[in-house]
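Structure below is run-v9.cif: mmCIF, C-alpha atoms.
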data_start
#
loop_
_atom_site.group_PDB
_atom_site.id
_atom_site.type_symbol
_atom_site.label_atom_id
_atom_site.label_comp_id
_atom_site.auth_asym_id
_atom_site.auth_seq_id
_atom_site.Cartn_x
_atom_site.Cartn_y
_atom_site.Cartn_z
ATOM 1 C CA MET A 23 195.133 -20.896 98.473
ATOM 2 C CA VAL A 24 195.019 -22.862 101.677
ATOM 3 C CA LEU A 25 192.151 -23.719 104.016
ATOM 4 C CA VAL A 26 193.414 -22.998 107.518
ATOM 5 C CA ALA A 27 191.863 -23.483 110.940
ATOM 6 C CA HIS A 28 192.492 -22.313 114.470
ATOM 7 C CA PRO A 29 194.058 -25.209 116.429
ATOM 8 C CA SER A 30 190.980 -25.399 118.695
ATOM 9 C CA VAL A 31 188.789 -26.494 115.780
ATOM 10 C CA PRO A 32 188.103 -30.226 116.210
ATOM 11 C CA ALA A 33 188.922 -31.033 112.592
ATOM 12 C CA LYS A 34 192.226 -32.039 111.071
ATOM 13 C CA THR A 35 190.871 -32.832 107.599
ATOM 14 C CA VAL A 36 188.311 -31.438 105.188
ATOM 15 C CA ALA A 37 186.058 -34.453 105.820
ATOM 16 C CA GLU A 38 186.205 -33.788 109.567
ATOM 17 C CA LEU A 39 185.470 -30.075 109.003
ATOM 18 C CA ILE A 40 182.449 -30.958 106.877
ATOM 19 C CA ALA A 41 181.203 -33.373 109.549
ATOM 20 C CA HIS A 42 181.768 -30.729 112.256
ATOM 21 C CA ALA A 43 179.888 -28.089 110.239
ATOM 22 C CA LYS A 44 177.008 -30.497 109.551
ATOM 23 C CA ALA A 45 176.765 -31.317 113.256
ATOM 24 C CA ASN A 46 176.792 -27.585 114.094
ATOM 25 C CA PRO A 47 174.866 -25.820 111.293
ATOM 26 C CA GLY A 48 175.302 -22.049 111.373
ATOM 27 C CA LYS A 49 177.718 -22.219 114.309
ATOM 28 C CA VAL A 50 181.057 -22.622 112.520
ATOM 29 C CA SER A 51 182.572 -19.393 111.206
ATOM 30 C CA ILE A 52 184.521 -19.121 107.976
ATOM 31 C CA ALA A 53 186.374 -15.860 107.464
ATOM 32 C CA SER A 54 187.389 -14.164 104.250
ATOM 33 C CA TYR A 55 189.489 -11.141 103.457
ATOM 34 C CA GLY A 56 186.408 -9.384 102.090
ATOM 35 C CA THR A 57 183.044 -9.917 100.457
ATOM 36 C CA GLY A 58 183.484 -10.921 96.829
ATOM 37 C CA THR A 59 187.181 -11.761 97.206
ATOM 38 C CA THR A 60 188.726 -15.046 96.189
ATOM 39 C CA SER A 61 188.722 -16.248 99.797
ATOM 40 C CA HIS A 62 184.990 -15.496 100.032
ATOM 41 C CA MET A 63 184.275 -17.265 96.744
ATOM 42 C CA ALA A 64 186.308 -20.279 97.910
ATOM 43 C CA ALA A 65 184.270 -20.405 101.129
ATOM 44 C CA GLU A 66 180.983 -20.256 99.222
ATOM 45 C CA LEU A 67 182.129 -22.962 96.807
ATOM 46 C CA LEU A 68 183.064 -25.184 99.764
ATOM 47 C CA LYS A 69 179.678 -24.592 101.385
ATOM 48 C CA ILE A 70 177.850 -25.381 98.136
ATOM 49 C CA MET A 71 179.843 -28.494 97.236
ATOM 50 C CA ALA A 72 179.828 -29.906 100.784
ATOM 51 C CA GLY A 73 176.218 -28.951 101.528
ATOM 52 C CA ILE A 74 177.130 -27.166 104.752
ATOM 53 C CA ASN A 75 175.944 -24.022 106.515
ATOM 54 C CA MET A 76 178.839 -21.926 107.849
ATOM 55 C CA VAL A 77 178.745 -18.276 108.910
ATOM 56 C CA HIS A 78 180.740 -16.038 106.571
ATOM 57 C CA VAL A 79 182.739 -13.362 108.412
ATOM 58 C CA PRO A 80 184.214 -10.813 105.972
ATOM 59 C CA TYR A 81 187.270 -8.733 106.884
ATOM 60 C CA ARG A 82 188.948 -5.787 105.218
ATOM 61 C CA GLY A 83 192.040 -7.636 104.102
ATOM 62 C CA SER A 84 194.025 -10.736 104.892
ATOM 63 C CA ALA A 85 196.065 -9.318 107.808
ATOM 64 C CA PRO A 86 193.121 -8.588 110.141
ATOM 65 C CA MET A 87 191.492 -11.875 109.137
ATOM 66 C CA VAL A 88 194.597 -13.891 110.005
ATOM 67 C CA THR A 89 195.065 -11.933 113.254
ATOM 68 C CA ASP A 90 191.552 -12.856 114.410
ATOM 69 C CA LEU A 91 191.955 -16.440 113.165
ATOM 70 C CA ILE A 92 195.134 -16.868 115.224
ATOM 71 C CA ALA A 93 193.336 -15.325 118.221
ATOM 72 C CA GLY A 94 190.452 -17.786 117.810
ATOM 73 C CA GLN A 95 187.853 -15.101 117.040
ATOM 74 C CA VAL A 96 186.945 -17.034 113.862
ATOM 75 C CA GLN A 97 187.429 -20.723 113.227
ATOM 76 C CA VAL A 98 188.480 -21.333 109.625
ATOM 77 C CA ALA A 99 189.428 -19.323 106.552
ATOM 78 C CA PHE A 100 190.734 -19.520 103.042
ATOM 79 C CA ASP A 101 193.924 -17.519 102.622
ATOM 80 C CA VAL A 102 196.784 -17.163 100.201
ATOM 81 C CA MET A 103 199.840 -19.262 100.995
ATOM 82 C CA VAL A 104 202.225 -16.354 101.445
ATOM 83 C CA THR A 105 200.228 -14.973 104.403
ATOM 84 C CA SER A 106 199.311 -18.188 106.213
ATOM 85 C CA LEU A 107 202.326 -20.403 105.558
ATOM 86 C CA PRO A 108 204.527 -18.913 108.325
ATOM 87 C CA HIS A 109 201.694 -19.377 110.852
ATOM 88 C CA VAL A 110 201.147 -22.966 109.721
ATOM 89 C CA HIS A 111 204.849 -23.671 110.264
ATOM 90 C CA THR A 112 204.753 -22.217 113.812
ATOM 91 C CA GLY A 113 201.586 -24.153 114.698
ATOM 92 C CA ALA A 114 199.481 -21.010 115.214
ATOM 93 C CA LEU A 115 197.239 -22.241 112.380
ATOM 94 C CA ARG A 116 196.453 -25.715 111.076
ATOM 95 C CA ALA A 117 196.441 -26.299 107.311
ATOM 96 C CA LEU A 118 193.509 -28.557 106.479
ATOM 97 C CA ALA A 119 193.929 -28.589 102.701
ATOM 98 C CA VAL A 120 195.139 -26.661 99.698
ATOM 99 C CA ALA A 121 192.598 -25.374 97.213
ATOM 100 C CA GLY A 122 194.503 -26.033 93.995
ATOM 101 C CA SER A 123 194.382 -29.144 91.855
ATOM 102 C CA ASN A 124 197.755 -30.408 93.114
ATOM 103 C CA ARG A 125 199.453 -30.641 96.483
ATOM 104 C CA PHE A 126 201.824 -27.800 97.288
ATOM 105 C CA ASP A 127 205.556 -28.588 97.486
ATOM 106 C CA MET A 128 206.021 -26.549 100.680
ATOM 107 C CA LEU A 129 203.183 -28.487 102.398
ATOM 108 C CA PRO A 130 203.510 -31.942 100.810
ATOM 109 C CA GLU A 131 201.617 -33.720 103.605
ATOM 110 C CA VAL A 132 198.572 -31.448 103.215
ATOM 111 C CA PRO A 133 195.999 -32.858 100.766
ATOM 112 C CA THR A 134 193.964 -30.920 98.247
ATOM 113 C CA ILE A 135 190.310 -30.220 98.943
ATOM 114 C CA GLY A 136 189.603 -32.027 95.675
ATOM 115 C CA GLU A 137 190.807 -35.265 97.283
ATOM 116 C CA THR A 138 187.700 -35.037 99.490
ATOM 117 C CA LEU A 139 185.399 -33.020 97.212
ATOM 118 C CA PRO A 140 186.251 -34.043 93.637
ATOM 119 C CA GLY A 141 186.259 -31.061 91.280
ATOM 120 C CA PHE A 142 186.961 -28.463 93.966
ATOM 121 C CA GLU A 143 189.629 -26.061 92.762
ATOM 122 C CA VAL A 144 190.276 -22.432 93.617
ATOM 123 C CA ARG A 145 193.278 -20.472 92.502
ATOM 124 C CA THR A 146 194.228 -16.892 92.904
ATOM 125 C CA TRP A 147 195.855 -15.896 89.676
ATOM 126 C CA THR A 148 197.368 -12.955 87.907
ATOM 127 C CA GLY A 149 197.694 -12.538 84.183
ATOM 128 C CA VAL A 150 198.956 -10.017 81.705
ATOM 129 C CA GLY A 151 196.487 -8.403 79.345
ATOM 130 C CA VAL A 152 196.651 -5.893 76.535
ATOM 131 C CA PRO A 153 193.986 -3.577 75.122
ATOM 132 C CA LYS A 154 191.456 -5.216 72.831
ATOM 133 C CA GLY A 155 192.551 -4.929 69.229
ATOM 134 C CA THR A 156 196.295 -5.085 69.954
ATOM 135 C CA SER A 157 198.026 -6.690 66.997
ATOM 136 C CA THR A 158 199.431 -10.201 67.087
ATOM 137 C CA GLU A 159 202.807 -8.694 66.135
ATOM 138 C CA ILE A 160 202.885 -7.265 69.650
ATOM 139 C CA ILE A 161 201.008 -10.032 71.497
ATOM 140 C CA THR A 162 203.007 -13.014 70.184
ATOM 141 C CA PRO A 163 206.508 -11.895 71.258
ATOM 142 C CA LEU A 164 205.167 -10.467 74.517
ATOM 143 C CA ALA A 165 203.515 -13.778 75.420
ATOM 144 C CA ARG A 166 206.646 -15.709 74.380
ATOM 145 C CA GLU A 167 208.897 -13.600 76.635
ATOM 146 C CA ILE A 168 206.508 -13.725 79.610
ATOM 147 C CA ASN A 169 206.246 -17.507 79.331
ATOM 148 C CA ALA A 170 210.040 -17.810 79.002
ATOM 149 C CA GLY A 171 210.403 -15.822 82.216
ATOM 150 C CA LEU A 172 207.867 -17.996 84.033
ATOM 151 C CA ALA A 173 209.717 -21.131 82.853
ATOM 152 C CA ASN A 174 213.074 -19.804 84.118
ATOM 153 C CA PRO A 175 214.207 -22.038 87.042
ATOM 154 C CA THR A 176 215.376 -19.053 89.127
ATOM 155 C CA ILE A 177 212.054 -17.280 88.750
ATOM 156 C CA LYS A 178 210.094 -20.496 89.384
ATOM 157 C CA GLU A 179 212.069 -21.087 92.584
ATOM 158 C CA ARG A 180 211.482 -17.532 93.830
ATOM 159 C CA LEU A 181 207.758 -17.745 93.040
ATOM 160 C CA ALA A 182 207.534 -21.076 94.903
ATOM 161 C CA GLN A 183 209.038 -19.433 97.991
ATOM 162 C CA VAL A 184 206.036 -17.098 98.149
ATOM 163 C CA GLY A 185 203.492 -19.829 97.440
ATOM 164 C CA THR A 186 203.072 -19.201 93.711
ATOM 165 C CA ILE A 187 203.106 -21.747 90.913
ATOM 166 C CA PRO A 188 203.383 -20.381 87.351
ATOM 167 C CA MET A 189 200.748 -21.435 84.861
ATOM 168 C CA ILE A 190 202.082 -21.140 81.338
ATOM 169 C CA PHE A 191 199.396 -20.636 78.698
ATOM 170 C CA THR A 192 199.192 -19.737 75.054
ATOM 171 C CA THR A 193 197.099 -16.622 74.466
ATOM 172 C CA ALA A 194 194.183 -18.800 73.316
ATOM 173 C CA GLU A 195 194.476 -21.049 76.391
ATOM 174 C CA PHE A 196 194.532 -18.017 78.675
ATOM 175 C CA SER A 197 191.401 -16.612 77.005
ATOM 176 C CA ASP A 198 189.660 -19.962 77.505
ATOM 177 C CA TYR A 199 190.811 -20.066 81.144
ATOM 178 C CA ILE A 200 189.391 -16.584 81.821
ATOM 179 C CA ALA A 201 186.068 -17.540 80.207
ATOM 180 C CA ALA A 202 185.856 -20.748 82.280
ATOM 181 C CA GLU A 203 186.679 -18.871 85.502
ATOM 182 C CA TYR A 204 184.015 -16.262 84.733
ATOM 183 C CA LYS A 205 181.392 -18.936 84.151
ATOM 184 C CA LYS A 206 182.355 -20.911 87.284
ATOM 185 C CA TRP A 207 182.321 -17.936 89.645
ATOM 186 C CA ALA A 208 179.188 -16.369 88.157
ATOM 187 C CA LYS A 209 177.365 -19.565 89.104
ATOM 188 C CA VAL A 210 178.777 -19.481 92.660
ATOM 189 C CA VAL A 211 177.718 -15.825 93.029
ATOM 190 C CA GLU A 212 174.228 -16.691 91.824
ATOM 191 C CA VAL A 213 173.774 -19.782 94.021
ATOM 192 C CA ALA A 214 175.217 -18.058 97.115
ATOM 193 C CA GLY A 215 173.119 -14.929 96.493
ATOM 194 C CA ILE A 216 176.093 -12.589 96.761
ATOM 195 C CA LYS A 217 175.220 -8.951 96.092
ATOM 196 C CA PRO A 218 177.581 -6.056 95.327
ATOM 197 C CA GLU A 219 178.335 -3.824 98.315
#

Let's see the structure in the file written out as C-alpha cells.
Amino acid sequence: MVLVAHPSVPAKTVAELIAHAKANPGKVSIASYGTGTTSHMAAELLKIMAGINMVHVPYRGSAPMVTDLIAGQVQVAFDVMVTSLPHVHTGALRALAVAGSNRFDMLPEVPTIGETLPGFEVRTWTGVGVPKGTSTEIITPLAREINAGLANPTIKERLAQVGTIPMIFTTAEFSDYIAAEYKKWAKVVEVAGIKPE
C-alpha cells in the first residue's frame, strides 16, 4: 500500500503530514475505499500511532476514492500500488510513503512509514487456504508448487509490475502470520471503535 496525497496538501513527508494534522485537528481528511477495508485499517493505525485526529471518509471502492482524491475533494488516502502508481507518476497524486516494511522498487525514493513511525506496517495480502482437516499429503505438495511459482523470476517480475511482492511462507509460517494479523487488526478495531455496518 501507499499513502498518497493531493498535491495541494502542504506535506511532502509523513512527518510533515503528522505535523499538519496536529496543527489542524479534525480538519484533514483521510479517505479509504470502504469502512473496514485495509485502507481504512491503515488510516486508523496511522492515526493511533501518530496521535492525530483526521476525518475518515469512506468510499465504495478504490476508483471513486482516487477520483475524488485527484479532484481534491479529500486530502490523503491509503491505496494499493496498482491503482495509485500511474497517478503518482503523472504528478496527479503525491506519494508520501509506502506502508510495507521495505521501500518499493518502483518508488525507490519514497520512504516507508516505518522510517518515521517505527513498527508501522500494513500489507494487503492474498493467500491460499484449504478446508480444515485436509491431509498433509495434499497440503505439502500444493504449498511447494505455489511457493515455486512465486519464486519464479518471470512471475516475480510480473507481480512487481502491478505493485505486488511475493511472500513465501511454509504452512506453519503462514498460519502464524494470519494469527499475528488477526491480533494486530483486532486491537486497531477495538481502539478505533469500528463497528460493523

Please list, as a short mmCIF file (atom, residue, chain, number, x, y, z; two decimals) with C-alpha atoms, in the coordinates of the input, the residues that have an atom at most 10 Å away from (195.9, -26.2, 96.8) in the coordinates of this file, counting all atoms listed in the file.
data_model
loop_
_atom_site.label_atom_id
_atom_site.label_comp_id
_atom_site.auth_asym_id
_atom_site.auth_seq_id
_atom_site.Cartn_x
_atom_site.Cartn_y
_atom_site.Cartn_z
CA MET A 23 195.13 -20.90 98.47
CA VAL A 24 195.02 -22.86 101.68
CA LEU A 25 192.15 -23.72 104.02
CA VAL A 102 196.78 -17.16 100.20
CA MET A 103 199.84 -19.26 101.00
CA ALA A 119 193.93 -28.59 102.70
CA VAL A 120 195.14 -26.66 99.70
CA ALA A 121 192.60 -25.37 97.21
CA GLY A 122 194.50 -26.03 94.00
CA SER A 123 194.38 -29.14 91.86
CA ASN A 124 197.76 -30.41 93.11
CA ARG A 125 199.45 -30.64 96.48
CA PHE A 126 201.82 -27.80 97.29
CA ASP A 127 205.56 -28.59 97.49
CA LEU A 129 203.18 -28.49 102.40
CA VAL A 132 198.57 -31.45 103.22
CA PRO A 133 196.00 -32.86 100.77
CA THR A 134 193.96 -30.92 98.25
CA ILE A 135 190.31 -30.22 98.94
CA GLY A 136 189.60 -32.03 95.68
CA PHE A 142 186.96 -28.46 93.97
CA GLU A 143 189.63 -26.06 92.76
CA VAL A 144 190.28 -22.43 93.62
CA ARG A 145 193.28 -20.47 92.50
CA GLY A 185 203.49 -19.83 97.44
#

Closest contacts (stretch 90-181 of chain A/stretch 59-75 of chain A, max 7 Å, all atoms listed in the file) as CSV:
residue,atom,partner,partner_atom,distance
A:Phe100,CA,A:Ser61,CA,5.0
A:Asp101,CA,A:Ser61,CA,6.1
A:Val144,CA,A:Ala64,CA,6.2
A:Thr146,CA,A:Thr60,CA,6.7

Excluding stretch 175-182 of chain A and its own-chain neighbours fewer than 2 positions away, which residues fall within 12 Å of it when counting only C-alpha atoms? Please give them as a compact mmCIF listing (two decimals) with C-alpha atoms, in the coordinates of the input.
# COMPACT_ATOMS: atom_id res chain seq x y z
CA MET A 103 199.84 -19.26 101.00
CA VAL A 104 202.22 -16.35 101.44
CA LEU A 107 202.33 -20.40 105.56
CA PHE A 126 201.82 -27.80 97.29
CA ASP A 127 205.56 -28.59 97.49
CA MET A 128 206.02 -26.55 100.68
CA LEU A 129 203.18 -28.49 102.40
CA ILE A 168 206.51 -13.72 79.61
CA ASN A 169 206.25 -17.51 79.33
CA ALA A 170 210.04 -17.81 79.00
CA GLY A 171 210.40 -15.82 82.22
CA LEU A 172 207.87 -18.00 84.03
CA ALA A 173 209.72 -21.13 82.85
CA VAL A 184 206.04 -17.10 98.15
CA GLY A 185 203.49 -19.83 97.44
CA THR A 186 203.07 -19.20 93.71
CA ILE A 187 203.11 -21.75 90.91
CA PRO A 188 203.38 -20.38 87.35
CA MET A 189 200.75 -21.44 84.86
CA ILE A 190 202.08 -21.14 81.34

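In this comparison, which uses all atoms listed in the file, the residue of A:Ser30, A:Gly56, A:Ala43, A:Val77 approaching A:Ile92 most closely is A:Ser30.
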
Between atom CA of A:Ala99 and atom CA of A:Gly141 lies a distance of 19.5 Å

Matched chain/residue IDs from the PyMOL selection byres ((chain A and resi 86) around 12), as a ChimeraX atom specification:
/A:53-56,79-85,87-93,95-96,99,101,105

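In this structure, atom CA of A:Gln97 sits 15.7 Å away from atom CA of A:Ala37.
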
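Here atom CA of A:Asn174 and atom CA of A:Ser197 stand 23.0 Å from one another.
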
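Distances here use all atoms listed in the file; by that measure, the residue among A:His109, A:Met76, A:Pro32, A:Glu137 closest to A:Asn46 is A:Met76.
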
Any idea what's packed within 12 Å of A:Gly215, counting all atoms listed in the file, ignoring anything in its chain fewer than 2 positions away? Could you give it as a ChimeraX atom specification?
/A:57-58,63,66,70,207-213,217-218

Draw an axis-aligned box over all listed atoms of stretch 33-42 of chain A, pad each side with 8 Å, and write its centre and edge lengths in Å, one decimal, as JSON.
{"center_x": 186.7, "center_y": -32.3, "center_z": 108.9, "size_x": 27.0, "size_y": 20.4, "size_z": 23.4}

Name the residues that the PyMOL selection byres ((chain A and resi 152) around 12) pulls out of this structure, and write them as a ChimeraX atom specification.
/A:149-151,153-158,160-162,164-165,193,197
